[in-house]
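First up is the structure itself, then whatever we jot down about it.
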Amino acid sequence: MRKSQSNAVLCWKFCHVFHKLLRDGHPNVIKDSMRHKADLNDMSRMWGHLSEGYGKLCSIYLKLLITKMEFHIKNPRFPGNLQMSNRQLDEAGENDVNNFFQLTVEMFDYLDCELNLFLGVFSSLDMSRSVSVTAAGQCRLAPLIQVILDSSHLYDYTVKLLFKLHSCLPADTLQGHRDRFQEQFKKLKSLFYRSSNLQYFKRLIQIPQLPENPPNFLRASALSEHISPVVVIPVESSSPESEHVVETEDLVDTDIPPLPSTVDTKFDDLFGTSAATDPFNFNSQNGMRKDEKDRLIEQLTAELQAVKEELESFRLESGRLCQALRGRVNELEAELAEQTHLKQQALGESEFLRVELDDLRRVKEDTEKEQRSLSEIERKAQANEQRYTKLKEKYTELVQSHADLLRKNAEVTRQMTVARAAQDEVENVKKEMQDRLKAAQDATSQQEKTQLEQLQALQAELMSSRSELETLKSTVTSSQQTNEQLGTRLSALEAEKAGLMETVSQKEAELASLGVELERVQSSLSNERESGVKATEALQNQLNEKESREQSLESELVSLRWAALRAALEEAGRIVQDCLNQLEDPAHISCTSSADYLVSRCQVALDCVERLQSARDGFVSDNTDVSGLVRAVTQFAHLVGDVIMQGSATSHMVPVEQADALADYVKACGAEALALLCQLKEQESVGTADCSRLRAALDTVMALGEKLRPRGLELQQGELGDLVEQEMSATSAAVESAAARIEEMLNKSRAVDTGIKMEVNERILASCTDLMQAIKVLVLSSKDLQRDIVESGRGAASMKEFYAKNSRWTEGLISASKAVGWGATMLVDAADQVVQGTGKFEELMVCSHEIAASTAQLVAASKVKADKDSPNLSRLRQASKGVTQATAGVVASTKSGKSQIEDTETMDFSAMTLTQIKRQEMDAQVLVLELETRLQKERERLGELRKKHYELAGVAEGWGGEEEGTG
C-alpha cells in the first residue's frame, strides 16, 4: 500500500487485486479491511488532486472500494461476489418495507460508484484506436471485468426490490426511486453495449445486453417479463503448445524449453502484459560449464515444475468449469421460475374461466324464456371453453417441460457418480506410484549407505512434492463435491478430466523413475543451501547493526534538543529570579513608573504567554523542532521580568495599602512564572504545564493598574458626605421594607395554601426572612465600623472632608449600599411571584447570589481602611458570614422546594401508545436543543450586560481614579 502511494499505475493494479479479494476472497477479508478505511480515504484524496492519467482513475476506484466495504458491513448477508437467490434477497430485508426501501437506496449509491469508474475509464481512452489490443489499454480495461460482474447483480436486485416496493407503497412515494433507476438504466445499457464491442472483453467475458426499454414498475405483471442478466466467463482450453512440449520432452536433453502456463496467460489477460524476461533467472550466471550433475538437477527440477503446472492447470480448468456450470444453473433457475410463473398464471386464468362458465350456465337456466339472449350466452360459453382448452394444452406442455428438466437433472447426477469413480481410480494409481517410489528408495539406501543423509533430505523434498500434489487433488475433490451439490451437466468435464488424469499418472511414474538420479546430486544441493544460509545471516547482521546505529543517533539527537531547551529554561528562570531579587534592593525604591505603562506591559506579557502555550503545544505534538519553544521562552522571561520591575516601580507612586497589594501580586506573578518554567523542564510534565495561574496573576496586576489610573470625575465634598449617609439610610429602609413584605406574604400563604405548596412557601419565606435579618445586622455593623474609621480622623478635619479626600473609598461604599438595597427589593419581588405560582425558582436563586455579591462588596469597602484589631471589624466579618449562610439557606430551600413541586408533577405514560411516546420523545429532543441554543445566547447576553454594567458604573461612580491623600 505504501508503494501504491507513490506510483499511480501500482495503485491502479493494487485496487484491481484488492477488488478481486473483496469479491472472491475469504469472507473475513471485508471485515479485516475496514481497519484500513482511513488510509484508503487519504489515498483517494491524494490521487484526486491529479486531473489526468491514472491519478483521477485511482481516486474513483478507491471510492468504489470504500463504498463496497461499507455496503457489505451494513448488509452482512450479501457475499463479496453479490450472488444471492430470491429467497436470500427476501431474508436480507427481513420482510420489512423500510429495510427494502433503505437497501434500494444503498444499492443505487453502490451502482453510481460502479458507473463512475466505468465512465472514467472510457473517457480516459482514445476510442478511435484499438485500445483493447495494447498493453496500456488492457491495463485500464482489466478492472472493468469485476465492475461488470457487480453491476449485473446490482441491476437485477434493484429491479426485484423496486417491484416489491411498488406492491407495498404508493407510486408517488417511489417517484424518486424510479427517476434514479431510469438514469442508471440508460448509463448501464450504453456501457454494456460499448464494452461488448471491444475485442479485449470478447475472449474473457460474455457481457449481457439489457432490454430496449426499462421495466414498468407500475404494472405488477411486468416482473414476469424481467430476465436477470447473467455474465458468463468462457472456459479456456489448455494451450496446445504446452501439451506438445510436455509430450515430446526428452529426459536427457540439457536444454530445457520454456513451459508456458495457462495461469500466466490468464494473469496477463487480467492484469496486463508481464515482463518479457525473468529478472530472477540465474541459469546462465557466471558463465560456468554445466557438468552432468547440474544438467541432471535442472532436468529433474523442470520435471517437478511441469507436473506442478499441469496439476495447477487441472485445478484452474475445474474451477472454470464449475463457474460456467454455476452460470448455467442460474439460467436454468431463471427459466424454471419463469415457467412456474406462467403455470400459476395459467391456473389462475383457468379457475377464473371455470367460475365464469358456471355463472353462464346458471344464467342459461334462469333465462330459458329469452332465446336470443340464451344463444349469445351459449356462443360466449363455447368461446370460453375453447380458450380453456388452449390454456389446458399450454399447461400440459409446461408439465412436460418440467419433467424433461427433472430427467436431465437425474442424468447429470449419474454422470457425477461416474466422475467420482474415476477419481477413486486416480487415487489408487497414486498410491501404487508411492509404493513403487518407496521401494526404489529402500533399495538405493541399502546400496549407498555413505549417502544416507543426502538421500533422507531428498526424500523429504519428494514427500513435500507429494503433499503438494495431494493438496491439489484434495482441491479437485472439493470442486467435484461442489459440482455434485450443483447438480449440473458434467459430460464435457468428464472427458477432459480423464485426459488430465492420464497425464498426471504418467508424470507420477516419471517421478518414481527419477528418484534414484536425484540422490546423486543431493550433496551439491545441500552445499548451495548452506552457502545461501550463511549469506543470509551476514546480511541480517549488517541490517541489525545499521538499525542500532540509527536508534543511537536518534536518541542522541533527542537528548541534544532537551539539553538546549533546559538551558534556555534555566536562563529564563535566572532572569525572572534576578528581577524578584531587585525588588528587595534599597536602591530600587527610587525607581518609579506610571500605571498606564504597567498596564501596557501586562498586556504584552499576556500575549507572550499565549505564544508560549502555542509553542509548547507544537513541541509536544512534534518534538523535532525546538527552536520555536526556545524563542518563546526567552521572550517570555524578559517580558515577565519587565512586568515585575514596572509593577514594583508603580507601587512606589501609590498609597501604602495599594502599594502593598500591588507588590504582593507582582511577587506572586514572579513565583507563578518560576513554577511554570520548572514544569517545562521535565519531560513528564511538559505536556501538562498549565499557564492559567500565571495568566490570572497577570490579569490581577493589570486590573490593579487599571484602578490606579487617574479618574476624571470630581465630586464636591458636601455631596459625597451627604450621599454616603443617604445611601446607608436608604439601604436600611429597603431591608426593613423587604422584611415586612416577606412577613406579610408568609401570613397570606398560610391562610390560602395547603399541603406541599404551603410547606414549600413557608420554608422559602422563612429562609428569606433570615437573610433579611442577617443583612440588617451587616448594615449596622458596617455603619459602626465606618463611624470608627471617620472618628479616628486619619488627619481629616471633619467627616465630610474625610469622605471627600478618600473619594474612591467613599464611592465604593455608595455603590455597595445601592447594590444591597436593590438586591433586597428584587429578592422580595421574586419570592412574591414564586409564592403566587407565577415566578421561577431560578430567579429567586439568582437574586440570592446577587445579594451575596453585593454584601461582599459592602464588607470589602467597609473594612479597607479599618484597623486590624478593631472590634467592629470582627463583628462585621461575623455578620458577613451570617449573610453567606443565610444566602446558602435560601438557595437550598429553593432547590428542595423546586424538586418537591416537580416530583408531584410526574407524567403518566400508562395510557400512551408507542407512536405517541416516540412523538413526545422527538418533541422533547427538539425542546432540549432549543433550550440549549437559548441558554448559550442568554449567557453571551449576560456577559455583554455585565461588561456594559461595569462601564456605566465606572463612569457614574468615578471608578479607576487615583486615590487622594488623607491630609
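FYI, nothing fancy with the C-alpha cells labels: chains A, B, ... in order, residues from 1 per chain, ligands from 1 as they appear.
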
Discussion item. Among range 825-952 of chain A, which residues does DSSP mark as helix (DSSP H, G or I) when it is run on the backbone? Keep the chain and numbering as in the structure and answer as a PyMOL selection string.
Written reply: chain A and resi 825-836+841-863+871-903+914-952

Please identify all polymer residues within 8 Å of Tyr157 in chain A, counting only C-alpha atoms, omitting same-chain residues fewer than 4 positions from it, and present them as a PDB file with all heavy atoms, in the first residue's frame.
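This is the output file around11.pdb:
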ATOM      1  N   LEU A  89     -32.475 -12.867  -0.889  1.00  0.00           N
ATOM      2  CA  LEU A  89     -32.720 -11.433  -1.018  1.00  0.00           C
ATOM      3  C   LEU A  89     -33.884 -10.997  -0.132  1.00  0.00           C
ATOM      4  O   LEU A  89     -33.850  -9.927   0.489  1.00  0.00           O
ATOM      5  CB  LEU A  89     -32.999 -11.079  -2.484  1.00  0.00           C
ATOM      6  CG  LEU A  89     -33.144  -9.597  -2.817  1.00  0.00           C
ATOM      7  CD1 LEU A  89     -31.845  -8.856  -2.517  1.00  0.00           C
ATOM      8  CD2 LEU A  89     -33.522  -9.395  -4.274  1.00  0.00           C
ATOM      9  N   HIS A 153     -25.371  -7.879 -11.081  1.00  0.00           N
ATOM     10  CA  HIS A 153     -26.137  -8.310  -9.902  1.00  0.00           C
ATOM     11  C   HIS A 153     -26.899  -7.137  -9.282  1.00  0.00           C
ATOM     12  O   HIS A 153     -28.068  -7.283  -8.889  1.00  0.00           O
ATOM     13  CB  HIS A 153     -25.192  -8.919  -8.871  1.00  0.00           C
ATOM     14  CG  HIS A 153     -24.620 -10.243  -9.279  1.00  0.00           C
ATOM     15  ND1 HIS A 153     -25.397 -11.356  -9.529  1.00  0.00           N
ATOM     16  CD2 HIS A 153     -23.332 -10.635  -9.499  1.00  0.00           C
ATOM     17  CE1 HIS A 153     -24.634 -12.379  -9.864  1.00  0.00           C
ATOM     18  NE2 HIS A 153     -23.364 -11.964  -9.870  1.00  0.00           N
ATOM     19  N   LEU A 161     -36.307  -5.470  -6.131  1.00  0.00           N
ATOM     20  CA  LEU A 161     -36.699  -4.705  -4.944  1.00  0.00           C
ATOM     21  C   LEU A 161     -37.696  -3.607  -5.294  1.00  0.00           C
ATOM     22  O   LEU A 161     -38.602  -3.310  -4.513  1.00  0.00           O
ATOM     23  CB  LEU A 161     -35.461  -4.100  -4.285  1.00  0.00           C
ATOM     24  CG  LEU A 161     -34.518  -5.093  -3.597  1.00  0.00           C
ATOM     25  CD1 LEU A 161     -33.310  -4.363  -3.026  1.00  0.00           C
ATOM     26  CD2 LEU A 161     -35.234  -5.837  -2.485  1.00  0.00           C
TER      27      LEU A 161
END

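Near Lys863 in chain A, within 10 Å and counting only C-alpha atoms, sit A:Ser782, A:Leu785, A:Gln786, A:Ile789, A:Leu858, A:Val859, A:Ala860, A:Ala861, A:Lys865, A:Ala866, A:Asp867, A:Lys868, A:Ser870, A:Asn872, A:Leu873, A:Ser874, A:Leu876, A:Arg877, not including residues fewer than 2 positions from it in the same chain.
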
Kindly save the residues from that selection, with N, CA and C atoms included, as a PDB file, in the first residue's frame.
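Output saved as result-v6.pdb:
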ATOM      1  N   SER A 782     -21.573  47.608  59.533  1.00  0.00           N
ATOM      2  CA  SER A 782     -20.824  48.439  58.593  1.00  0.00           C
ATOM      3  C   SER A 782     -20.870  49.907  59.004  1.00  0.00           C
ATOM      4  N   LEU A 785     -18.497  50.402  61.933  1.00  0.00           N
ATOM      5  CA  LEU A 785     -17.107  50.390  61.502  1.00  0.00           C
ATOM      6  C   LEU A 785     -16.745  51.680  60.770  1.00  0.00           C
ATOM      7  N   GLN A 786     -17.661  52.192  59.933  1.00  0.00           N
ATOM      8  CA  GLN A 786     -17.393  53.458  59.242  1.00  0.00           C
ATOM      9  C   GLN A 786     -17.268  54.611  60.243  1.00  0.00           C
ATOM     10  N   ILE A 789     -13.888  54.510  61.719  1.00  0.00           N
ATOM     11  CA  ILE A 789     -12.867  54.953  60.760  1.00  0.00           C
ATOM     12  C   ILE A 789     -12.858  56.472  60.670  1.00  0.00           C
ATOM     13  N   LEU A 858     -19.887  45.370  50.008  1.00  0.00           N
ATOM     14  CA  LEU A 858     -20.037  46.318  51.106  1.00  0.00           C
ATOM     15  C   LEU A 858     -19.024  46.032  52.217  1.00  0.00           C
ATOM     16  N   VAL A 859     -18.805  44.720  52.531  1.00  0.00           N
ATOM     17  CA  VAL A 859     -17.835  44.353  53.562  1.00  0.00           C
ATOM     18  C   VAL A 859     -16.436  44.778  53.146  1.00  0.00           C
ATOM     19  N   ALA A 860     -16.094  44.529  51.882  1.00  0.00           N
ATOM     20  CA  ALA A 860     -14.752  44.900  51.418  1.00  0.00           C
ATOM     21  C   ALA A 860     -14.554  46.399  51.458  1.00  0.00           C
ATOM     22  N   ALA A 861     -15.598  47.164  51.083  1.00  0.00           N
ATOM     23  CA  ALA A 861     -15.473  48.616  51.094  1.00  0.00           C
ATOM     24  C   ALA A 861     -15.404  49.163  52.516  1.00  0.00           C
ATOM     25  N   LYS A 865     -10.231  50.440  55.170  1.00  0.00           N
ATOM     26  CA  LYS A 865      -9.461  51.433  55.939  1.00  0.00           C
ATOM     27  C   LYS A 865      -9.518  51.196  57.445  1.00  0.00           C
ATOM     28  N   ALA A 866     -10.050  50.046  57.852  1.00  0.00           N
ATOM     29  CA  ALA A 866     -10.195  49.786  59.289  1.00  0.00           C
ATOM     30  C   ALA A 866      -8.920  49.190  59.857  1.00  0.00           C
ATOM     31  N   ASP A 867      -8.768  49.366  61.188  1.00  0.00           N
ATOM     32  CA  ASP A 867      -7.642  48.761  61.881  1.00  0.00           C
ATOM     33  C   ASP A 867      -7.876  47.266  62.031  1.00  0.00           C
ATOM     34  N   LYS A 868      -6.811  46.509  61.962  1.00  0.00           N
ATOM     35  CA  LYS A 868      -6.965  45.067  62.014  1.00  0.00           C
ATOM     36  C   LYS A 868      -7.459  44.592  63.367  1.00  0.00           C
ATOM     37  N   SER A 870      -9.637  46.168  65.318  1.00  0.00           N
ATOM     38  CA  SER A 870     -10.887  46.843  65.686  1.00  0.00           C
ATOM     39  C   SER A 870     -11.960  45.821  66.011  1.00  0.00           C
ATOM     40  N   ASN A 872     -15.212  46.303  65.973  1.00  0.00           N
ATOM     41  CA  ASN A 872     -16.275  46.431  64.972  1.00  0.00           C
ATOM     42  C   ASN A 872     -15.930  45.665  63.691  1.00  0.00           C
ATOM     43  N   LEU A 873     -14.640  45.581  63.350  1.00  0.00           N
ATOM     44  CA  LEU A 873     -14.244  44.824  62.165  1.00  0.00           C
ATOM     45  C   LEU A 873     -14.521  43.338  62.352  1.00  0.00           C
ATOM     46  N   SER A 874     -14.249  42.825  63.554  1.00  0.00           N
ATOM     47  CA  SER A 874     -14.541  41.403  63.802  1.00  0.00           C
ATOM     48  C   SER A 874     -16.040  41.150  63.758  1.00  0.00           C
ATOM     49  N   LEU A 876     -18.157  42.845  61.958  1.00  0.00           N
ATOM     50  CA  LEU A 876     -18.534  42.921  60.536  1.00  0.00           C
ATOM     51  C   LEU A 876     -18.221  41.597  59.812  1.00  0.00           C
ATOM     52  N   ARG A 877     -17.079  41.035  60.114  1.00  0.00           N
ATOM     53  CA  ARG A 877     -16.752  39.753  59.489  1.00  0.00           C
ATOM     54  C   ARG A 877     -17.729  38.659  59.918  1.00  0.00           C
TER      55      ARG A 877
END

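Between Pro79 in chain A and the candidates A:Leu674, A:Val29, A:Leu204, A:Val121, the tightest atom-to-atom separation, counting only C-alpha atoms, involves A:Val29.
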
Discussion item. Show me, as a list in words, the residues that have an atom within 12 Å of Leu119 in chain A when counting only C-alpha atoms, minus same-chain residues fewer than 2 positions from it.
Written reply: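 Neighbouring residues, sequence-local ones excluded: Lys56, Leu57, Ile60, Tyr61, Asp112, Cys113, Glu114, Leu115, Asn116, Leu117, Val121, Phe122, Ser123, Ser124, Leu125, Arg140, Leu141, Leu144, Val147, Lys187, Leu188, Ser190, Leu191, Phe192, Arg194 and Ser195 of chain A.
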
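Distance annotation: of A:Ala346, A:Thr825, A:Ala892, A:Asn86, the residue with the minimal separation from Met845 in chain A is A:Ala892; atom set is only C-alpha atoms.
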
Worksheet item: Quick one: of A:Ala740, A:Ala403, A:Val686, A:Leu606, who's nearest to Met702 in chain A, counting only C-alpha atoms?
Response: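 Answer, going by the shortest atom-to-atom distance: A:Leu606.
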
Discussion item. From the options A:Ala730, A:Pro214, A:Arg23, A:Leu296, which residue's atoms come nearest to Ile814 in chain A, counting only C-alpha atoms?
Written reply: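 Going through A:Ala730, A:Pro214, A:Arg23, A:Leu296 one by one, the smallest distance to Ile814 in chain A is for A:Ala730.
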
Item to complete: Write out as a list in words each polymer residue whose atoms come within 12 Å of Glu393 in chain A, counting only C-alpha atoms; drop sequence neighbours fewer than 6 positions from it.
Response: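 Surrounding residues, per the criterion: Lys343, Ala346, Leu347, Ser350, Gln386, Arg387, Val399 and Gln400 of chain A.
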
Just write the chosen residues, N, CA and C atoms, as a short mmCIF file (atom, residue, chain, number, x, y, z; two decimals), in the first residue's frame.
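Written out: result_35.cif:
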data_model
loop_
_atom_site.label_atom_id
_atom_site.label_comp_id
_atom_site.auth_asym_id
_atom_site.auth_seq_id
_atom_site.Cartn_x
_atom_site.Cartn_y
_atom_site.Cartn_z
N LYS A 343 -47.11 -20.96 -15.29
CA LYS A 343 -48.01 -22.03 -14.86
C LYS A 343 -49.04 -21.51 -13.87
N ALA A 346 -51.53 -19.39 -15.67
CA ALA A 346 -52.49 -20.19 -16.43
C ALA A 346 -53.53 -20.83 -15.51
N LEU A 347 -53.07 -21.36 -14.36
CA LEU A 347 -54.03 -21.96 -13.41
C LEU A 347 -55.03 -20.92 -12.92
N SER A 350 -57.48 -20.29 -15.73
CA SER A 350 -58.42 -21.42 -15.91
C SER A 350 -59.46 -21.45 -14.80
N GLN A 386 -63.27 -23.04 -25.46
CA GLN A 386 -62.12 -23.19 -26.35
C GLN A 386 -60.86 -22.56 -25.76
N ARG A 387 -61.05 -21.40 -25.17
CA ARG A 387 -59.91 -20.73 -24.53
C ARG A 387 -59.38 -21.56 -23.38
N VAL A 399 -45.93 -28.87 -18.00
CA VAL A 399 -45.68 -30.03 -17.16
C VAL A 399 -44.67 -30.95 -17.83
N GLN A 400 -44.80 -31.11 -19.16
CA GLN A 400 -43.87 -31.97 -19.89
C GLN A 400 -42.45 -31.40 -19.84
#

All residues 8 Å or closer to Ile30 in chain A, only C-alpha atoms, same chain fewer than 6 positions away omitted, as a JSON list (two decimals) with all heavy atoms, in the first residue's frame:
[["chain", "number", "residue", "atom", "x", "y", "z"],
["A", 22, "LEU", "N", -11.90, -8.75, -2.42],
["A", 22, "LEU", "CA", -13.20, -8.46, -1.81],
["A", 22, "LEU", "C", -14.30, -9.32, -2.41],
["A", 22, "LEU", "O", -15.24, -9.70, -1.72],
["A", 22, "LEU", "CB", -13.53, -6.98, -1.97],
["A", 22, "LEU", "CG", -12.64, -5.99, -1.21],
["A", 22, "LEU", "CD1", -13.07, -4.56, -1.52],
["A", 22, "LEU", "CD2", -12.69, -6.23, 0.28],
["A", 69, "MET", "N", -16.99, -1.90, 0.65],
["A", 69, "MET", "CA", -16.78, -2.40, 2.02],
["A", 69, "MET", "C", -17.89, -1.94, 2.95],
["A", 69, "MET", "O", -18.42, -2.72, 3.75],
["A", 69, "MET", "CB", -15.42, -1.94, 2.53],
["A", 69, "MET", "CG", -14.24, -2.60, 1.83],
["A", 69, "MET", "SD", -12.65, -2.27, 2.67],
["A", 69, "MET", "CE", -12.55, -0.51, 2.48],
["A", 72, "HIS", "N", -21.13, -3.96, 2.37],
["A", 72, "HIS", "CA", -21.13, -5.32, 2.91],
["A", 72, "HIS", "C", -21.12, -5.32, 4.43],
["A", 72, "HIS", "O", -21.62, -6.26, 5.05],
["A", 72, "HIS", "CB", -19.93, -6.08, 2.36],
["A", 72, "HIS", "CG", -20.07, -6.44, 0.89],
["A", 72, "HIS", "ND1", -20.96, -7.39, 0.44],
["A", 72, "HIS", "CD2", -19.45, -5.94, -0.21],
["A", 72, "HIS", "CE1", -20.87, -7.49, -0.87],
["A", 72, "HIS", "NE2", -19.96, -6.62, -1.30],
["A", 73, "ILE", "N", -20.51, -4.29, 5.05],
["A", 73, "ILE", "CA", -20.54, -4.22, 6.52],
["A", 73, "ILE", "C", -21.97, -3.92, 7.00],
["A", 73, "ILE", "O", -22.45, -4.48, 7.98],
["A", 73, "ILE", "CB", -19.56, -3.14, 7.01],
["A", 73, "ILE", "CG1", -18.11, -3.60, 6.75],
["A", 73, "ILE", "CG2", -19.75, -2.87, 8.49],
["A", 73, "ILE", "CD1", -17.72, -4.86, 7.48],
["A", 80, "GLY", "N", -19.34, -11.36, -0.95],
["A", 80, "GLY", "CA", -18.49, -10.43, -1.68],
["A", 80, "GLY", "C", -18.78, -10.41, -3.17],
["A", 80, "GLY", "O", -18.68, -9.37, -3.83]]

Worksheet item: Can you list, as a PyMOL selection string, every protein, DNA or RNA residue that comes within 8 Å of Ala637 in chain A when you count only C-alpha atoms, leaving out same-chain residues fewer than 6 positions away?
Response: chain A and resi 572-573+575-576
